Each structure stands twice: as structure tokens, then as C-alpha cells.
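Undergrad: Input model.txt, format and content: compact mmCIF, C-alpha atoms and all ligand atoms.
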# COMPACT_ATOMS: atom_id res chain seq x y z
CA MET U 1 -8.96 75.83 -14.92
CA ASP U 2 -8.33 73.49 -17.85
CA ASP U 3 -4.70 73.14 -16.74
CA LEU U 4 -5.89 72.23 -13.26
CA ARG U 5 -8.27 69.66 -14.67
CA ALA U 6 -5.65 68.09 -16.95
CA LYS U 7 -3.09 67.99 -14.14
CA TYR U 8 -5.29 66.06 -11.72
CA ILE U 9 -6.96 63.76 -14.23
CA GLU U 10 -3.49 62.76 -15.38
CA ALA U 11 -2.22 62.32 -11.82
CA ILE U 12 -5.20 60.11 -11.06
CA ALA U 13 -4.63 58.02 -14.15
CA ALA U 14 -0.96 57.60 -13.27
CA ALA U 15 -1.57 56.64 -9.64
CA GLY U 16 -0.65 52.99 -9.03
CA ASP U 17 -1.82 52.49 -5.50
CA GLU U 18 -4.25 53.73 -2.87
CA ALA U 19 -1.66 55.88 -1.09
CA THR U 20 -0.90 57.85 -4.25
CA ILE U 21 -4.62 58.30 -4.93
CA GLU U 22 -5.01 59.70 -1.44
CA GLU U 23 -2.13 62.10 -2.02
CA VAL U 24 -3.75 63.30 -5.24
CA ARG U 25 -7.11 63.65 -3.48
CA LEU U 26 -5.59 65.80 -0.71
CA ALA U 27 -3.66 67.94 -3.21
CA ALA U 28 -6.78 68.55 -5.31
CA VAL U 29 -9.92 68.49 -3.20
CA GLY U 30 -8.61 68.08 0.35
CA LYS U 31 -9.17 70.91 2.83
CA LYS U 32 -6.03 72.62 1.66
CA GLY U 33 -6.21 71.25 -1.85
CA GLU U 34 -5.70 73.42 -4.86
CA ILE U 35 -9.34 73.27 -5.99
CA SER U 36 -10.63 73.83 -2.46
CA LEU U 37 -8.44 76.91 -2.09
CA LYS U 38 -9.72 78.21 -5.41
CA MET U 39 -13.29 77.75 -4.17
CA ARG U 40 -12.45 79.73 -1.09
CA GLU U 41 -11.34 82.57 -3.36
CA LEU U 42 -14.88 82.72 -4.83
CA GLY U 43 -15.82 85.01 -1.92
CA LYS U 44 -13.39 87.63 -3.07
CA MET U 45 -14.76 87.67 -6.61
CA THR U 46 -17.31 89.99 -8.12
CA PRO U 47 -20.77 88.44 -8.48
CA GLU U 48 -20.21 88.23 -12.23
CA GLU U 49 -16.92 86.45 -11.92
CA ARG U 50 -18.39 84.14 -9.27
CA GLN U 51 -21.27 83.17 -11.52
CA VAL U 52 -18.83 81.82 -14.07
CA ALA U 53 -16.14 80.40 -11.79
CA GLY U 54 -18.50 78.88 -9.17
CA PRO U 55 -20.27 76.29 -11.32
CA ALA U 56 -17.04 75.55 -13.20
CA LEU U 57 -15.13 74.84 -10.00
CA ASN U 58 -17.98 72.73 -8.62
CA ALA U 59 -18.11 70.71 -11.83
CA LEU U 60 -14.34 70.25 -11.71
CA LYS U 61 -14.52 69.12 -8.10
CA ASP U 62 -17.24 66.59 -8.94
CA GLU U 63 -15.29 65.33 -11.92
CA ILE U 64 -12.12 64.90 -9.88
CA ASN U 65 -14.03 63.10 -7.10
CA ALA U 66 -15.66 60.78 -9.59
CA ALA U 67 -12.31 60.04 -11.21
CA LEU U 68 -10.81 59.31 -7.77
CA THR U 69 -13.62 56.91 -6.87
CA ALA U 70 -13.39 55.10 -10.20
CA LYS U 71 -9.64 54.78 -9.94
CA LYS U 72 -9.90 53.43 -6.39
CA ALA U 73 -12.39 50.81 -7.54
CA ALA U 74 -10.15 49.85 -10.45
CA LEU U 75 -7.16 49.49 -8.14
CA ALA U 76 -9.17 47.31 -5.74
CA ASP U 77 -10.26 45.10 -8.64
CA ALA U 78 -6.69 44.74 -9.85
CA ALA U 79 -5.52 43.91 -6.34
CA LEU U 80 -8.18 41.22 -6.01
CA GLU U 81 -7.22 39.84 -9.39
CA GLU U 82 -3.58 39.65 -8.27
CA ARG U 83 -4.53 37.90 -5.07
CA LEU U 84 -6.65 35.36 -6.87
CA LYS U 85 -3.74 34.62 -9.15
CA ALA U 86 -1.23 34.38 -6.32
CA GLU U 87 -3.45 32.26 -4.11
CA TRP U 88 -4.39 29.84 -6.86
CA LEU U 89 -4.37 26.22 -5.75
CA ASP U 90 -3.78 23.28 -8.03
CA VAL U 91 -6.22 20.80 -6.54
CA THR U 92 -5.01 18.15 -8.94
CA LEU U 93 -1.53 18.04 -7.40
CA PRO U 94 -0.84 14.81 -5.51
CA VAL U 95 -1.08 15.17 -1.74
CA ARG U 96 2.05 15.18 0.34
CA PRO U 97 2.59 11.68 1.66
CA GLN U 98 1.69 11.38 5.31
CA ARG U 99 3.33 8.45 6.92
CA GLN U 100 0.40 7.23 8.92
CA GLY U 101 0.41 3.60 7.94
CA SER U 102 2.93 1.07 9.02
CA ILE U 103 4.12 -2.30 7.85
CA HIS U 104 2.84 -5.29 9.76
CA PRO U 105 5.63 -7.26 11.42
CA ILE U 106 4.66 -10.36 9.41
CA SER U 107 5.01 -8.45 6.13
CA GLN U 108 8.29 -7.02 7.34
CA VAL U 109 9.69 -10.43 8.23
CA MET U 110 8.47 -11.91 4.91
CA GLU U 111 10.36 -9.14 3.13
CA GLU U 112 13.48 -9.73 5.17
CA VAL U 113 13.46 -13.49 4.72
CA THR U 114 12.73 -13.24 1.00
CA ALA U 115 15.54 -10.74 0.50
CA ILE U 116 18.05 -12.88 2.36
CA PHE U 117 17.24 -16.00 0.36
CA ALA U 118 17.18 -13.99 -2.86
CA ASP U 119 20.81 -13.12 -2.12
CA MET U 120 21.55 -16.82 -2.11
CA GLY U 121 19.89 -17.32 -5.48
CA PHE U 122 16.44 -18.47 -4.38
CA SER U 123 13.50 -17.09 -6.33
CA VAL U 124 9.97 -16.82 -5.00
CA ALA U 125 7.28 -19.35 -5.93
CA GLU U 126 3.61 -19.21 -5.04
CA GLY U 127 0.67 -21.55 -4.82
CA PRO U 128 -3.01 -21.37 -3.95
CA GLN U 129 -4.24 -21.19 -0.37
CA ILE U 130 -7.19 -23.42 -1.18
CA GLU U 131 -5.36 -26.55 -2.19
CA SER U 132 -6.32 -29.97 -3.43
CA ASP U 133 -5.96 -33.01 -1.24
CA TRP U 134 -3.39 -34.29 -3.72
CA TYR U 135 -0.98 -31.36 -3.53
CA ASN U 136 -1.40 -30.79 0.17
CA PHE U 137 -1.06 -34.44 1.20
CA ASP U 138 -0.71 -37.32 -1.30
CA ALA U 139 1.99 -35.85 -3.53
CA LEU U 140 3.96 -35.10 -0.37
CA ASN U 141 3.81 -38.74 0.61
CA ILE U 142 1.37 -38.07 3.45
CA PRO U 143 -0.78 -41.20 3.52
CA GLY U 144 -4.52 -41.29 4.08
CA HIS U 145 -4.25 -42.29 7.72
CA HIS U 146 -1.77 -39.58 8.70
CA PRO U 147 -2.92 -37.58 11.78
CA ALA U 148 -2.42 -34.28 9.93
CA ARG U 149 -5.44 -35.22 7.86
CA ALA U 150 -7.69 -35.45 10.89
CA GLU U 151 -10.55 -32.98 10.90
CA MET U 152 -9.25 -31.31 14.03
CA ASP U 153 -6.11 -30.02 12.30
CA THR U 154 -7.21 -29.34 8.77
CA PHE U 155 -9.94 -27.04 7.44
CA TYR U 156 -11.80 -28.85 4.69
CA THR U 157 -14.00 -27.15 2.14
CA HIS U 158 -17.49 -28.39 1.46
CA ARG U 159 -18.47 -30.62 -1.47
CA ALA U 160 -21.97 -30.69 -2.83
CA GLU U 161 -24.16 -33.66 -1.85
CA GLY U 162 -23.31 -36.62 -4.07
CA ASP U 163 -19.92 -35.23 -5.13
CA ASP U 164 -17.48 -37.76 -3.75
CA ARG U 165 -14.27 -36.23 -4.95
CA PRO U 166 -12.00 -35.52 -1.97
CA PRO U 167 -12.72 -32.03 -0.65
CA HIS U 168 -10.17 -29.27 -1.05
CA VAL U 169 -8.36 -28.05 2.03
CA LEU U 170 -7.04 -24.75 3.26
CA ARG U 171 -3.40 -25.66 2.78
CA THR U 172 -1.88 -26.73 6.08
CA HIS U 173 1.67 -25.90 5.00
CA THR U 174 3.59 -24.30 2.14
CA SER U 175 5.06 -27.66 1.09
CA PRO U 176 2.53 -28.22 -1.76
CA VAL U 177 4.23 -25.33 -3.56
CA GLN U 178 7.26 -27.62 -3.90
CA ILE U 179 5.21 -30.05 -5.98
CA ARG U 180 3.54 -27.37 -8.07
CA HIS U 181 6.85 -25.72 -8.82
CA MET U 182 8.75 -28.89 -9.75
CA GLU U 183 5.84 -30.15 -11.83
CA LYS U 184 5.82 -26.97 -13.85
CA ASN U 185 9.52 -26.10 -14.01
CA GLY U 186 11.36 -29.35 -13.55
CA ALA U 187 14.87 -29.59 -12.14
CA PRO U 188 17.24 -28.04 -11.23
CA CYS U 189 15.50 -25.43 -9.08
CA ARG U 190 16.07 -23.20 -6.12
CA ILE U 191 12.98 -21.55 -4.66
CA ILE U 192 11.38 -20.26 -1.53
CA ALA U 193 7.63 -20.10 -1.08
CA PRO U 194 6.38 -17.74 1.59
CA GLY U 195 2.68 -17.66 2.33
CA ARG U 196 -0.36 -18.18 4.48
CA VAL U 197 -1.28 -21.55 5.87
CA TYR U 198 -4.18 -22.75 7.99
CA ARG U 199 -4.71 -25.12 10.86
CA SER U 200 -7.41 -25.54 13.40
CA ASP U 201 -5.36 -24.28 16.37
CA TYR U 202 -5.60 -21.34 18.75
CA ASP U 203 -3.40 -20.48 21.71
CA GLN U 204 -0.58 -18.11 22.64
CA THR U 205 1.74 -19.43 19.96
CA HIS U 206 -0.75 -20.86 17.44
CA THR U 207 -3.34 -19.11 15.32
CA PRO U 208 -5.69 -20.70 12.76
CA MET U 209 -4.00 -18.73 10.02
CA PHE U 210 -0.26 -18.34 10.10
CA HIS U 211 2.69 -18.01 7.74
CA GLN U 212 5.42 -20.30 6.59
CA ILE U 213 8.31 -20.11 4.26
CA GLU U 214 9.21 -23.17 2.30
CA GLY U 215 12.62 -23.72 0.78
CA LEU U 216 13.55 -26.13 -1.99
CA ALA U 217 16.81 -26.74 -3.84
CA ILE U 218 17.09 -29.54 -6.36
CA ASP U 219 20.17 -30.36 -8.39
CA LYS U 220 22.50 -33.26 -9.15
CA ASP U 221 24.58 -33.23 -6.00
CA ILE U 222 22.79 -31.19 -3.35
CA SER U 223 23.38 -32.48 0.17
CA MET U 224 22.44 -31.90 3.80
CA ALA U 225 25.71 -29.95 4.09
CA ASN U 226 24.40 -27.40 1.59
CA LEU U 227 21.17 -27.22 3.58
CA LYS U 228 23.07 -26.56 6.77
CA TRP U 229 25.16 -23.81 5.20
CA VAL U 230 22.11 -22.09 3.72
CA LEU U 231 20.34 -22.18 7.09
CA GLU U 232 23.41 -20.84 8.90
CA GLN U 233 23.73 -17.96 6.46
CA PHE U 234 20.03 -17.25 6.78
CA ALA U 235 20.01 -17.28 10.59
CA ALA U 236 23.00 -14.95 10.88
CA ALA U 237 21.57 -12.50 8.34
CA PHE U 238 18.07 -12.57 9.78
CA PHE U 239 19.05 -12.17 13.42
CA GLU U 240 21.82 -9.71 12.46
CA VAL U 241 24.66 -11.49 14.21
CA ASP U 242 28.03 -12.73 12.96
CA GLU U 243 27.36 -16.41 13.16
CA VAL U 244 24.67 -18.85 14.21
CA GLU U 245 25.35 -22.50 14.76
CA VAL U 246 22.72 -24.79 13.29
CA ARG U 247 21.94 -28.16 14.84
CA PHE U 248 20.04 -30.90 13.08
CA ARG U 249 17.88 -33.12 15.27
CA ALA U 250 16.77 -36.39 13.73
CA SER U 251 13.06 -36.28 12.99
CA HIS U 252 10.42 -37.60 10.66
CA PHE U 253 8.47 -35.94 7.89
CA PRO U 254 6.75 -38.01 5.22
CA PHE U 255 8.18 -35.81 2.46
CA THR U 256 11.86 -35.97 3.46
CA GLU U 257 14.38 -38.75 4.05
CA PRO U 258 16.41 -38.22 6.15
CA SER U 259 14.48 -35.55 8.08
CA ALA U 260 15.80 -33.08 10.59
CA GLU U 261 14.43 -30.48 12.94
CA ILE U 262 16.37 -27.24 12.64
CA ASP U 263 17.70 -25.70 15.86
CA PHE U 264 19.65 -22.43 16.18
CA ARG U 265 22.13 -21.95 19.03
CA CYS U 266 20.89 -19.27 21.39
CA SER U 267 20.62 -18.08 24.96
CA TRP U 268 17.93 -16.34 26.94
CA VAL U 269 19.23 -13.53 29.14
CA ASP U 270 16.55 -11.90 31.34
CA GLY U 271 13.90 -13.06 28.94
CA GLN U 272 15.84 -11.61 25.99
CA LEU U 273 16.75 -13.93 23.17
CA LYS U 274 20.35 -13.89 21.97
CA LEU U 275 21.12 -15.80 18.81
CA GLY U 276 24.44 -17.39 18.07
CA GLU U 277 25.75 -17.78 21.61
CA GLY U 278 24.80 -19.71 24.72
CA ASP U 279 23.74 -23.22 25.60
CA ASP U 280 20.15 -23.18 24.47
CA TRP U 281 18.63 -24.23 21.18
CA LEU U 282 15.81 -22.55 19.37
CA GLU U 283 13.49 -24.73 17.30
CA ALA U 284 13.15 -23.05 13.94
CA GLY U 285 11.46 -25.55 11.65
CA GLY U 286 11.68 -28.79 9.73
CA SER U 287 13.91 -29.91 6.90
CA GLY U 288 15.47 -32.84 5.12
CA MET U 289 16.39 -34.39 1.81
CA VAL U 290 13.38 -34.46 -0.49
CA HIS U 291 11.85 -37.95 -0.48
CA PRO U 292 12.23 -39.83 -3.81
CA LYS U 293 8.46 -40.39 -3.84
CA VAL U 294 7.92 -36.63 -3.68
CA LEU U 295 10.25 -36.04 -6.64
CA GLN U 296 8.43 -38.77 -8.51
CA ALA U 297 5.02 -37.29 -7.73
CA ALA U 298 6.25 -34.01 -9.21
CA GLY U 299 7.54 -35.75 -12.35
CA ILE U 300 11.22 -35.59 -11.52
CA ASP U 301 13.47 -38.65 -11.79
CA PRO U 302 14.92 -39.38 -8.35
CA ALA U 303 17.70 -41.39 -9.95
CA LEU U 304 19.03 -38.17 -11.52
CA TRP U 305 18.07 -35.46 -9.09
CA GLN U 306 18.18 -34.85 -5.38
CA GLY U 307 17.86 -31.92 -3.06
CA PHE U 308 16.83 -30.44 0.23
CA ALA U 309 13.67 -28.80 1.51
CA PHE U 310 12.85 -26.87 4.64
CA GLY U 311 9.92 -25.13 6.25
CA LEU U 312 10.15 -22.23 8.69
CA GLY U 313 7.41 -20.45 10.63
CA ILE U 314 7.34 -16.76 9.76
CA ASP U 315 5.17 -15.72 12.69
CA ARG U 316 7.52 -17.45 15.06
CA LEU U 317 10.53 -15.74 13.47
CA ALA U 318 8.75 -12.39 13.86
CA MET U 319 7.92 -13.08 17.50
CA LEU U 320 11.50 -14.04 18.25
CA LYS U 321 13.23 -11.25 16.36
CA TYR U 322 10.94 -8.45 17.47
CA GLY U 323 9.98 -9.70 20.93
CA ILE U 324 6.28 -10.16 20.29
CA PRO U 325 4.88 -12.29 23.10
CA ASP U 326 1.44 -13.33 21.90
CA LEU U 327 0.53 -14.39 18.38
CA ARG U 328 -3.17 -13.84 18.95
CA ALA U 329 -2.57 -10.08 18.95
CA PHE U 330 -2.03 -10.40 15.18
CA PHE U 331 -5.75 -10.88 14.88
CA GLU U 332 -7.02 -8.13 17.12
CA SER U 333 -6.34 -5.30 14.68
CA ASP U 334 -5.41 -3.06 17.56
CA LEU U 335 -3.78 0.05 16.13
CA ARG U 336 -1.79 0.65 19.28
CA TRP U 337 -0.31 -2.80 18.83
CA LEU U 338 0.59 -2.04 15.24
CA ARG U 339 2.13 1.29 16.21
CA HIS U 340 4.23 -0.47 18.80
CA TYR U 341 5.38 -3.37 16.65
CA GLY U 342 4.79 -2.02 13.13
CA PHE U 343 7.48 -0.70 10.88
CA ALA U 344 7.67 2.66 9.17
CA SER U 345 7.15 2.12 5.51
CA LEU U 346 10.70 3.23 4.83
CA ASP U 347 12.43 0.62 6.94
CA VAL U 348 14.38 -1.58 4.61
CA PRO U 349 14.96 -5.19 5.33
CA THR U 350 18.32 -5.98 6.76
CA LEU U 351 20.27 -7.95 4.22
CA HIS U 352 23.76 -9.21 3.88
CA ALA U 353 24.36 -9.11 7.63
CA GLY U 354 25.53 -12.69 7.53
CA LEU U 355 26.59 -12.83 3.92
CA SER U 356 29.02 -9.99 3.37
CA ARG U 357 31.76 -11.43 5.57
N1 LIG V 1 5.60 -28.83 6.11
C1 LIG V 1 6.14 -28.97 7.45
C2 LIG V 1 5.14 -28.41 8.46
O1 LIG V 1 4.31 -27.65 8.10
C3 LIG V 1 7.42 -28.23 7.58
C4 LIG V 1 8.49 -28.85 6.78
C5 LIG V 1 9.28 -29.85 7.29
C6 LIG V 1 8.71 -28.45 5.48
C7 LIG V 1 10.27 -30.44 6.56
C8 LIG V 1 9.72 -29.03 4.71
C9 LIG V 1 10.50 -30.02 5.29
O2 LIG V 1 9.97 -28.66 3.47
O3 LIG V 1 11.48 -30.58 4.55
O4 LIG V 1 5.24 -28.71 9.60
Kindly return the structure encoded in the file as C-alpha cells.
Ligand code: DAH
TA:
Amino acid sequence: MDDLRAKYIEAIAAAGDEATIEEVRLAAVGKKGEISLKMRELGKMTPEERQVAGPALNALKDEINAALTAKKAALADAALEERLKAEWLDVTLPVRPQRQGSIHPISQVMEEVTAIFADMGFSVAEGPQIESDWYNFDALNIPGHHPARAEMDTFYTHRAEGDDRPPHVLRTHTSPVQIRHMEKNGAPCRIIAPGRVYRSDYDQTHTPMFHQIEGLAIDKDISMANLKWVLEQFAAAFFEVDEVEVRFRASHFPFTEPSAEIDFRCSWVDGQLKLGEGDDWLEAGGSGMVHPKVLQAAGIDPALWQGFAFGLGIDRLAMLKYGIPDLRAFFESDLRWLRHYGFASLDVPTLHAGLSR
């Protein structure tokens, strides 16, 4: 009986899973188990023998059953412990990026334009969007009576009663950044200044806030020819074509002399814009040789330095390149619009298209 006991207690202790436990249970106390068979033999014993063997067998059976139950519970605990370990989650891990957002076409075009000019050695300059009268107008040789100063075009900030300093304006163009940059850094310089500008305007192609990119290159011998080349390189790279002819149309800006409107050769085929070929011209912006008075206002000697400046409309470039028909949609925050025209965050700006040849 002691052998029997030792055999099964050991087998139970050694069992590593539920199936083995069940095997041990059947072998010991199952219907045909060794202990059960022994109990059946009690009937054949003498009453004296039975009195000894009966209680002993019963006690053994109880002991084995208890050991089985305990072992089962221990195995279940261990299994749970394993599972908890295996299914452990590190909630501090960063989430997998989900590409739900997209880049606004204006941001995309700003990136593209900036990258293209960076390739030509232009660095980025910035200025405030709330600008003084001086930087926005006077320093740029825009006189007090100029129509651009009229209330209907310019947003003026409010001055307190009795404060007669000229009010600040929401800058109407990126040109004041020219002055700020030259004042601070002197000549020579080669910068672009992309940014928001404001005018009191609202229709299909004008919004009260829009975006411009200003260009400025000052050195000893910079000419309109350099300006033309830079604009040609830019147009070809931006519109991703081999070549774009640039045409200068005589114009007037107070801050340049001579001044020229910039046109790119293009054609419209079935409402589709094609740059670089055809008999049409696309108006792209204004430009010219920086006016001596502007250099002077920025503390640069016009007898020593000269250079060109230009201003392009970013929104217009975006509309043309990506076929966006109505500027006002920029303000409606319609997600479907953004999904249609927006860019996946991994799209890289197209560079070098016009420069690598
Ligand atoms: N500031 C002008 C505008 O907003 C654009 C412009 C024209 C900028 C000629 C220039 C320039 O730098 O030379 O309409």
C-alpha cells in the first residue's frame, strides 16, 4: 500500500499538464484504476482483513484525489501566469503611425518652391504678418497717396484714442521682408521670403488671406538677365517640364525700376494647363531691379549695390499646378476637399526637374 501511495504521489508531482494528470487519475482512482480494483477486492477478504485494508484504501483514495485536485489548481495557476506574461502589453510604446492627415496644397507648394530656390542658393527669410506702415509701404517707396493704402485694400489695426502714430497693417505683400532682411544683414544677399499676406478681397481667385513668395538678390553686378534665368529655372523645376520661356512685360511697381510683370509661356488644352509650350502666357507675378530708394531705406548704398526682386503668388501657383479651380475652398475646411487635393505626408517636393540638365 505504501508503494502504491508513493508511486501515485510521485506521478502526480511529476505531471506537467492536465492530460498527464488525467492519465494518472484514471490509472489510480478511475473505474479500472489500481486503487479502485484493490477496493473491489475488499469483498473477497475476511472481515478482519477488510477492517484494516478498507479504511487504509479509502484514506489513500482521498489522499490521491486531494493531490490530483491540488496539482490541477497549481497547473491552472501556472498556465494563467504564463498567459499573463505572454500577453503583456507595453502601453508606453509609441503608437504605429496612421497616415490620416495630409499636407495642405499651399504647404506643399511652399515646400516645393522653397526647395527649388534653395538649390539656387537662396535662403529663407521671414518677417511679421502684422507690419508697420513704414516697412509695408514707405520703405518700399510706396507714397502716402498710393491706392494700395486705401482702406478697401489694406487691413489696418486699431490705435487707441489719442495715439496718432500710423496704425500697423496686416502686411499686404511679402516685400517688407526685403527691407527687414537688408537692414539687418546688409549686402550681398540672396533670399526668398514665403508667407501669408492680407488684402480686403474675396472672389474665385482672391481671398483675404493668401500667400506670396518674395525673392531678392543683391550684389555688385546683378542684372535683369540673372532674374530671367532664375525665373526660367524655377518655372521648369516647379512645373516639372524641360524648359519654360519667361517673358517680361513692362510694368510699374514703386519698389523696382525698371519693373516687369513675369509671364510663363503656356497653352490651355481642354482646360488643362501646359507649361513651356503654346501661344499663351501665364501671369505669374511682379519683378524688377530694386529701386535705389528702397536700397537706401534699408541702409544699403545704391552706388555700390544693385539687384533684382520678385513676388509670386503661392496660391495661384498651387491652383495652376494642381488644377484647383476655386481659392475660396481653402477656407472651407472641407475634409473631402483636403483628401482630394491634399498630399500624403510622405510626398517629397519635386526638385531639380529643371536644374539637373
Ligand atoms: N509686392 C508686389 C505685390 O504684392 C509683388 C512684387 C512685384 C514684388 C515686384 C516684388 C517686385 O518684389 O519686384 O503685388
Undergrad: Would you tabulate, counting all atoms listed in the file, all residues of chain U that have an atom at most 8 Å from an atom of ligand LIG 1 (chain V), showing the closest pair of atoms and their distance in Å to one decimal, sorted by chain then ascending number, as CSV?
TA:
residue,atom,partner,partner_atom,distance
U:Thr172,CA,V:LIG1,O1,6.6
U:His173,CA,V:LIG1,O1,4.4
U:Thr174,CA,V:LIG1,N1,6.3
U:Ser175,CA,V:LIG1,N1,5.2
U:Gln178,CA,V:LIG1,O2,7.9
U:Gln212,CA,V:LIG1,O1,7.6
U:Glu214,CA,V:LIG1,O2,5.7
U:Gly215,CA,V:LIG1,O2,6.2
U:Leu216,CA,V:LIG1,O2,7.0
U:Phe253,CA,V:LIG1,C7,5.9
U:Phe255,CA,V:LIG1,O3,6.5
U:Thr256,CA,V:LIG1,O3,5.5
U:Ser259,CA,V:LIG1,C7,6.8
U:Ala260,CA,V:LIG1,C7,7.3
U:Glu261,CA,V:LIG1,C7,7.6
U:Gly285,CA,V:LIG1,C3,6.3
U:Gly286,CA,V:LIG1,C5,3.6
U:Ser287,CA,V:LIG1,O3,3.4
U:Gly288,CA,V:LIG1,O3,4.6
U:Met289,CA,V:LIG1,O3,6.8
U:Val290,CA,V:LIG1,O3,6.6
U:Phe308,CA,V:LIG1,O3,6.9
U:Ala309,CA,V:LIG1,O3,4.1
U:Phe310,CA,V:LIG1,O2,3.6
U:Gly311,CA,V:LIG1,C6,3.6
U:Leu312,CA,V:LIG1,C3,6.7
Undergrad: Which neighbours of U:Ile9 fall inside 12 Å, counting only C-alpha atoms, when residues of the same chain fewer than 2 positions from it are skipped, and could you give them as a list in words?
TA: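 So, after excluding close chain neighbours, the residues are Asp2, Asp3, Leu4, Arg5, Ala6, Lys7, Ala11, Ile12, Ala13, Ala14, Ala15, Ile21, Val24, Arg25, Ala28, Leu60, Lys61, Asp62, Glu63, Ile64, Asn65, Ala66, Ala67, Leu68, Ala70 and Lys71 of chain U.
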Undergrad: Using all atoms listed in the file, which of U:Gln296, U:Ser107, U:Ser251, U:Ser223 sits nearest U:Gly195?
TA: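 Closest to U:Gly195, using all atoms listed in the file: U:Ser107.
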Undergrad: Which residues, written as a VMD selection string, have at least one atom at most 12 Å from U:Arg171, with all atoms listed in the file counted and residues fewer than 3 positions away on the same chain left out?
TA: chain U and resid 127 to 137 148 to 149 153 to 157 167 to 168 174 to 177 195 to 200 208 to 212
Undergrad: Quote the spacing between atom CA of U:Arg328 and atom CA of U:Thr205 in Å to one decimal place.
TA: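 Separation of atom CA of U:Arg328 and atom CA of U:Thr205: 7.5 Å.
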Undergrad: Using all atoms listed in the file, give me every residue within 10 Å of (19.5, -19.1, -2.7) in file coordinates, as a ChimeraX atom specification.
TA: /U:114-123,189-192,215-217,230,234
Undergrad: Need the shell around U:Ala329: protein/DNA/RNA residues with any atom at most 10 Å away, counting all atoms listed in the file. Skip same-chain ones fewer than 5 positions apart. Format as a list in words?
TA: Gln204, Thr207, Ile324, Asp334, Trp337 and Leu338 of chain U
Undergrad: With distances taken over only C-alpha atoms, which of U:Leu57, U:Ala27, U:Arg40, U:Ile314 is nearest to U:His206?
TA: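 Selected residue with least distance to U:His206: U:Ile314.
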Undergrad: What is the distance between atom CA of U:Ala303 and atom CA of U:Lys220, in Å to one decimal?
TA: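 That distance, rounded to one decimal, is 9.5 Å.
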Undergrad: I'd like the interatomic distance between atom CA of U:Val294 and atom CA of U:Val109, to a tenth of an Å.
TA: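 Taking atom CA of U:Val294 and atom CA of U:Val109, their separation equals 28.8 Å.
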